[in-house]
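Worksheet for the structure shown next.
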Amino acid sequence: MRTTTKTATIGTAALAAAGLLLPLLGTAPAAAEDTAAVRPAATTTADGPAVPFGSHTFPYAAGTLKPSGTQSALDQAVVKTYNAWKSAFVKKNCGNGWYQVISPDADHPYVAEAQGYGMVVTATMAGADPDAKTVFDGMVKYVLAHPSVNNSNLLAAEQNASCKSVDGSDSATDGDLDVAYGLLLADKQWGSGGTYNYKDLAVKHINAIKKSEVNPTTHLMLLGDWSDSGESHYWMTRSSDWMIDHFRAFRTATGDSTWDTVRTAHQNLITSQQSKYASGTGLLADFVVNTDKTAKPASGEVLEGPNDGDYSWNACRDPWRIGTDAVTSGDSASLASARKLNTWIKSKTGGNPSKIVSGYHLNGSAFDSGNDMAFTAPFVVTAMTDSGSQAWLDALWNKLAGTSIDPDLYYGGSVQLQSMIVASGNYWVP
């Protein structure tokens with residue numbers, strides 16, 4: 001869901017003093033190995049996280065680039081950005097022992113998308129942030145207290161300033177996908193024997209997603225659990241919900257081969273949409289319609305605005321999402337899709353990240369002249385997939401690492417941080 005029109009922190013010195021990061025810094029991700037085949041073992045909370053930030057336990061696909069510079073410098077740039085992001089957006093405004101991610105630039109102070117981001121980020125940063133488990137559990141408590149009215153194992157999409165669910169209290173698919181993924185990360189990090197059984201909650205959430213947010217005919221993601229065969233959005237899907245690596249993790253966690261079918265359906269759709277409608281750019285539309293017939297980009301407004309069929313405020317996340325699967329799995333379809341995006345944007349900007357603007361038609365012409373990290377940051381991930389893009393990757397990384405988190409722009413800051421986590425080699429698939 002994209003609804004916008006557009007706590008204590010940890011210093012690196014404290015990190016070093018705690019011995020949590022520095023012994024592992026400088027360890028570059030190794031090359032050829034399928035990360036999906038190697039999973040972290042769960043550990044108990046007494047032993048700390050099983051995959052502490054900076055451990056680089058799971059190598060990316062062979063041939064994946066990383067930004068130039070020492071691994072220590074890359075990791076500490078992420079920690080710096082995380083500290084600023086956490087300070088700006090991770091709050092305890094609602095009482096009840098809840099933690100929640102605030103979204104000042106969204107239509108509501110609290111949205112499902114934000115809570116999903118918060119859970120994935122917090123579990124990933126465990127080891128760099130000694131409070132990660134406490135914060136994560138507070139986020140879980142918040143999520144459980146705000147169920148969707150349609151499926152109680154899903155998260156209501158929006159809450160107001162009083163932390164009450166509003167606008168129907170139904171779900172948004174992208175938030176649920178990240179919540180489930182975050183719970184799987186937490187199970188691997190801390191085990192499921194504490195306050196919350198993360199694995200059990202994750203599986204319940206995954207099964208609820210399958211029941212209420214996957215179209216059973218097309219195997220494509222619906223927009224939320226409010227979309228059913230009786231309403232007009234049922235044969236529609238949003239490209240920012242096509243999280244290929246999440247579908248892989250769901251398959252592993254549940255043993256349910258449905259998630260292989262779901263993953264393949266989305267990869268095939270990405271490939272066909274790029275080929276038919278954006279052969280020169282690889283860009284995807286915010287919304288794809290007619291999924292029961294010949295899927296195509298939306299024509300004008302179908303849910304959010306006149307640019308629903310363009311590369312706009314939803315699809316801007318696609319290079320990050322597609323590129324993440326490419327570098328973690330080495331999958332040929334994801335790599336090809338990511339490289340198309342990278343080739344186009346590198347050429348379009350002449351290698352200058354500052355020229356990335358906030359909105360393109362699928363043919364590559366811009367319809368907006370603004371700049372936003374939500375559009376700039378994701379391309380750092382696709383740059384990792386092309387052996388000839390080291391200078392471009394470095395330019396993008398330097399742009400991200402040199403840009404401060406704006407406390408008024410939760411969306412761009414959250415996409416910036418998560419793109420940096422991937423680019424620095426710190427992302428892993430549970």
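Every chain in the structure tokens takes a letter, A first, then B, and so on in the order presented; its residues are numbered from 1, and the ligands are numbered from 1 following the presented order.
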Practice problem: With a distance cut-off of 9 Å and only C-alpha atoms, select the neighbouring residues of A:Val179, excluding the residue or stretch itself and same-chain residues fewer than 2 positions from it, and output the selection as an MDAnalysis selection string. | Solution: chainID A and resid 112:113 115:120 140 143 154:155 174:177 181:184 202 205
Could those residues be written to a file, using N, CA, C and O atoms, as a compact mmCIF listing (two decimals), in the first residue's frame?
```
# COMPACT_ATOMS: atom_id res chain seq x y z
N ALA A 112 0.04 -0.30 7.67
CA ALA A 112 0.57 -1.66 7.71
C ALA A 112 1.93 -1.77 7.05
O ALA A 112 2.82 -2.48 7.53
N GLU A 113 2.08 -1.08 5.94
CA GLU A 113 3.36 -1.06 5.24
C GLU A 113 4.50 -0.69 6.18
O GLU A 113 5.57 -1.31 6.19
N GLN A 115 4.58 -0.92 9.52
CA GLN A 115 4.83 -1.92 10.57
C GLN A 115 5.61 -3.10 9.98
O GLN A 115 6.48 -3.67 10.65
N GLY A 116 5.29 -3.47 8.75
CA GLY A 116 6.05 -4.53 8.09
C GLY A 116 7.50 -4.15 7.91
O GLY A 116 8.41 -4.94 8.20
N TYR A 117 7.75 -2.95 7.42
CA TYR A 117 9.13 -2.48 7.29
C TYR A 117 9.84 -2.55 8.64
O TYR A 117 10.99 -2.99 8.74
N GLY A 118 9.15 -2.07 9.67
CA GLY A 118 9.78 -2.02 10.99
C GLY A 118 10.18 -3.39 11.50
O GLY A 118 11.27 -3.56 12.07
N MET A 119 9.34 -4.39 11.28
CA MET A 119 9.65 -5.73 11.76
C MET A 119 10.81 -6.35 11.00
O MET A 119 11.71 -6.96 11.59
N VAL A 120 10.84 -6.18 9.68
CA VAL A 120 11.95 -6.72 8.89
C VAL A 120 13.26 -6.04 9.25
O VAL A 120 14.29 -6.69 9.47
N VAL A 140 5.29 -6.73 17.45
CA VAL A 140 4.39 -7.88 17.36
C VAL A 140 3.13 -7.62 18.18
O VAL A 140 2.01 -7.89 17.73
N VAL A 143 0.87 -5.32 16.28
CA VAL A 143 0.24 -5.98 15.14
C VAL A 143 -0.90 -6.89 15.60
O VAL A 143 -2.00 -6.87 15.03
N LEU A 154 -4.46 -11.37 9.85
CA LEU A 154 -3.83 -10.32 9.05
C LEU A 154 -3.92 -9.00 9.80
O LEU A 154 -4.63 -8.87 10.80
N LEU A 155 -3.18 -8.00 9.32
CA LEU A 155 -3.07 -6.71 10.01
C LEU A 155 -3.99 -5.68 9.35
O LEU A 155 -4.00 -5.54 8.13
N ASP A 174 0.95 -5.64 1.03
CA ASP A 174 2.39 -5.47 1.22
C ASP A 174 2.77 -5.47 2.69
O ASP A 174 3.79 -6.04 3.09
N GLY A 175 1.93 -4.86 3.53
CA GLY A 175 2.20 -4.89 4.96
C GLY A 175 2.21 -6.31 5.51
O GLY A 175 3.10 -6.69 6.28
N ASP A 176 1.23 -7.10 5.10
CA ASP A 176 1.15 -8.48 5.59
C ASP A 176 2.33 -9.32 5.12
O ASP A 176 2.85 -10.15 5.89
N LEU A 177 2.77 -9.13 3.89
CA LEU A 177 3.91 -9.89 3.39
C LEU A 177 5.15 -9.63 4.23
O LEU A 177 5.90 -10.55 4.59
N TYR A 181 7.23 -12.08 6.87
CA TYR A 181 8.66 -12.25 6.63
C TYR A 181 9.47 -11.86 7.86
O TYR A 181 10.42 -12.54 8.26
N GLY A 182 9.07 -10.76 8.51
CA GLY A 182 9.75 -10.33 9.72
C GLY A 182 9.65 -11.36 10.83
O GLY A 182 10.62 -11.60 11.58
N LEU A 183 8.50 -12.01 10.95
CA LEU A 183 8.33 -13.06 11.95
C LEU A 183 9.24 -14.26 11.66
O LEU A 183 9.79 -14.87 12.59
N LEU A 184 9.42 -14.59 10.39
CA LEU A 184 10.34 -15.68 10.03
C LEU A 184 11.78 -15.31 10.38
O LEU A 184 12.56 -16.14 10.88
N ALA A 202 4.08 -16.65 12.29
CA ALA A 202 4.43 -16.47 10.88
C ALA A 202 3.61 -17.39 9.99
O ALA A 202 3.07 -16.97 8.96
N HIS A 205 0.11 -16.28 9.70
CA HIS A 205 0.03 -15.10 8.84
C HIS A 205 0.19 -15.50 7.37
O HIS A 205 -0.55 -15.01 6.50
```
Quiz prompt | DSSP helix (DSSP H, G or I) residues within stretch 104-324 of chain A, listed as a PyMOL selection string | solution = chain A and resi 112-124+132-144+173-190+198-213+239-241+244-254+258-277+315-324
Exercise. Might you pull out every residue within 7 Å of A:Gly280, with only C-alpha atoms counted and same-chain residues fewer than 2 positions away left off, and present them as a ChimeraX atom specification?
Key: /A:278,282,363
Practice problem: Grab the atom CA of A:Phe379 to atom CA of A:Ala338 distance for me, in Å with one decimal place. | Solution: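 Between atom CA of A:Phe379 and atom CA of A:Ala338 the gap is 9.1 Å.
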Quiz item: With distances taken over only C-alpha atoms, which of A:Gly69, A:Gly364, A:Gly425, A:Gly168 is nearest to A:Ser148?
Solution: A:Gly168
Quiz item: In Å, how far is it from atom CA of A:Ile356 to atom CA of A:Met373?
Solution: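 Answer for the atom CA of A:Ile356 to atom CA of A:Met373 separation: 9.3 Å.
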Exercise. Choose the residue, out of A:Ser334, A:Thr328, A:Ser240, A:Ser387, that has the smallest atom-to-atom separation from A:Val288; count only C-alpha atoms.
Key: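 Using only C-alpha atoms, A:Val288 sits closest to A:Ser240.
Between atom CA of A:Val101 and atom CA of A:Gln416 lies a distance of 15.4 Å.
The neighbours of A:Leu409 here are the residues that come within 10 Å of it, using only C-alpha atoms and leaving out any residue fewer than 4 positions away in the same chain; they are Thr4, Lys6, Ala88, Phe89, Ser103, Pro104, Asp105, Ala106, Asp372, Met373, Ala374, Ile405, Gly413 and Ser414 of chain A.
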Can I get the selection written as a CSV table (one decimal), in the first residue's frame, with N, CA and C atoms?
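part-v8.csv, written as the output of this step:
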```
chain,number,residue,atom,x,y,z
A,4,THR,N,0.7,7.8,0.2
A,4,THR,CA,1.2,9.2,0.2
A,4,THR,C,1.1,9.7,-1.2
A,6,LYS,N,3.3,11.6,-2.5
A,6,LYS,CA,4.7,11.4,-2.7
A,6,LYS,C,5.3,10.3,-1.7
A,88,ALA,N,13.8,8.6,14.2
A,88,ALA,CA,12.8,9.4,13.6
A,88,ALA,C,11.4,8.7,13.6
A,89,PHE,N,11.4,7.4,13.4
A,89,PHE,CA,10.2,6.7,13.1
A,89,PHE,C,9.7,5.6,14.0
A,103,SER,N,4.3,7.1,10.3
A,103,SER,CA,4.4,7.5,8.9
A,103,SER,C,3.9,8.9,8.7
A,104,PRO,N,4.6,9.9,9.0
A,104,PRO,CA,4.1,11.3,8.9
A,104,PRO,C,3.7,11.7,7.5
A,105,ASP,N,4.2,11.1,6.5
A,105,ASP,CA,3.9,11.5,5.1
A,105,ASP,C,2.9,10.6,4.4
A,106,ALA,N,2.3,9.7,5.2
A,106,ALA,CA,1.2,8.8,4.7
A,106,ALA,C,-0.2,9.4,5.0
A,372,ASP,N,13.3,11.9,-4.8
A,372,ASP,CA,12.9,11.3,-3.6
A,372,ASP,C,13.7,10.0,-3.4
A,373,MET,N,14.1,9.7,-2.2
A,373,MET,CA,14.9,8.4,-2.0
A,373,MET,C,14.1,7.2,-2.3
A,374,ALA,N,12.7,7.3,-2.3
A,374,ALA,CA,11.9,6.1,-2.6
A,374,ALA,C,12.1,5.7,-4.1
A,405,ILE,N,18.6,11.0,6.8
A,405,ILE,CA,17.2,10.6,6.9
A,405,ILE,C,16.4,11.9,7.2
A,413,GLY,N,12.8,7.4,3.5
A,413,GLY,CA,13.8,6.9,4.5
A,413,GLY,C,13.8,5.4,4.7
A,414,SER,N,12.6,4.8,4.7
A,414,SER,CA,12.5,3.4,4.9
A,414,SER,C,13.0,2.6,3.7
```
With a distance cut-off of 10 Å and only C-alpha atoms, select the neighbouring residues of A:Leu74, excluding the residue or stretch itself and same-chain residues fewer than 3 positions from it, and output the selection as a compact mmCIF listing (two decimals) with N, CA, C and O atoms, in the first residue's frame.
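Once written, around_5.txt looks like this:
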```txt
# COMPACT_ATOMS: atom_id res chain seq x y z
N LEU A 25 33.69 -7.51 10.73
CA LEU A 25 33.81 -6.54 9.66
C LEU A 25 34.98 -6.89 8.75
O LEU A 25 35.97 -7.44 9.17
N GLY A 26 34.81 -6.51 7.50
CA GLY A 26 35.85 -6.79 6.53
C GLY A 26 35.70 -8.14 5.88
O GLY A 26 36.49 -8.51 5.04
N GLY A 54 26.10 -7.63 10.37
CA GLY A 54 27.52 -7.55 10.12
C GLY A 54 28.21 -8.88 10.02
O GLY A 54 29.41 -8.95 9.76
N LYS A 66 29.45 -5.44 -5.01
CA LYS A 66 29.15 -4.68 -3.80
C LYS A 66 29.84 -3.33 -3.93
O LYS A 66 30.80 -3.18 -4.69
N PRO A 67 29.34 -2.32 -3.22
CA PRO A 67 29.97 -1.01 -3.31
C PRO A 67 31.44 -1.07 -2.90
O PRO A 67 31.84 -1.89 -2.07
N SER A 68 32.23 -0.21 -3.49
CA SER A 68 33.65 -0.14 -3.17
C SER A 68 33.85 0.34 -1.73
O SER A 68 32.98 0.99 -1.16
N GLY A 69 34.99 0.01 -1.18
CA GLY A 69 35.30 0.40 0.20
C GLY A 69 35.33 -0.83 1.09
O GLY A 69 34.96 -1.93 0.70
N THR A 70 35.79 -0.64 2.32
CA THR A 70 35.89 -1.77 3.23
C THR A 70 34.50 -2.22 3.69
O THR A 70 33.56 -1.42 3.72
N GLN A 71 34.41 -3.47 4.04
CA GLN A 71 33.13 -3.96 4.58
C GLN A 71 32.76 -3.22 5.84
O GLN A 71 31.58 -2.94 6.10
N ALA A 77 28.00 2.56 7.67
CA ALA A 77 27.10 3.50 7.00
C ALA A 77 25.65 3.07 7.20
O ALA A 77 24.76 3.90 7.40
N VAL A 78 25.42 1.76 7.15
CA VAL A 78 24.06 1.25 7.39
C VAL A 78 23.64 1.51 8.83
O VAL A 78 22.51 1.96 9.09
N VAL A 79 24.53 1.25 9.78
CA VAL A 79 24.21 1.48 11.19
C VAL A 79 23.87 2.95 11.44
O VAL A 79 22.91 3.27 12.15
N TRP A 397 25.56 4.24 -4.15
CA TRP A 397 25.84 4.01 -2.73
C TRP A 397 26.26 5.30 -2.04
O TRP A 397 25.78 5.61 -0.94
N ALA A 401 24.42 6.82 1.15
CA ALA A 401 25.14 6.94 2.41
C ALA A 401 25.34 8.40 2.82
O ALA A 401 25.48 8.70 4.01
N MET A 420 19.99 0.00 1.40
CA MET A 420 21.36 -0.01 1.89
C MET A 420 21.70 -1.32 2.60
O MET A 420 22.82 -1.84 2.48
N ILE A 421 20.74 -1.88 3.33
CA ILE A 421 20.96 -3.17 3.98
C ILE A 421 21.29 -4.23 2.93
O ILE A 421 22.24 -5.02 3.09
N ALA A 423 22.40 -3.68 -0.24
CA ALA A 423 23.62 -3.34 -0.99
C ALA A 423 24.88 -3.61 -0.18
O ALA A 423 25.94 -3.90 -0.75
N SER A 424 24.80 -3.53 1.15
CA SER A 424 25.97 -3.74 1.99
C SER A 424 26.26 -5.22 2.26
O SER A 424 27.23 -5.55 2.93
N GLY A 425 25.39 -6.10 1.76
CA GLY A 425 25.59 -7.53 1.96
C GLY A 425 25.01 -8.06 3.25
O GLY A 425 25.38 -9.15 3.69
N ASN A 426 24.09 -7.31 3.85
CA ASN A 426 23.54 -7.70 5.16
C ASN A 426 22.14 -8.29 5.11
O ASN A 426 21.54 -8.52 6.15
```
Exercise. Rank A:His56, A:Arg321, A:Lys346, A:Lys92 by their smallest atom-to-atom distance to A:Gln418, using only C-alpha atoms, and report the top residue only.
Key: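 Closest to A:Gln418, using only C-alpha atoms: A:Arg321.
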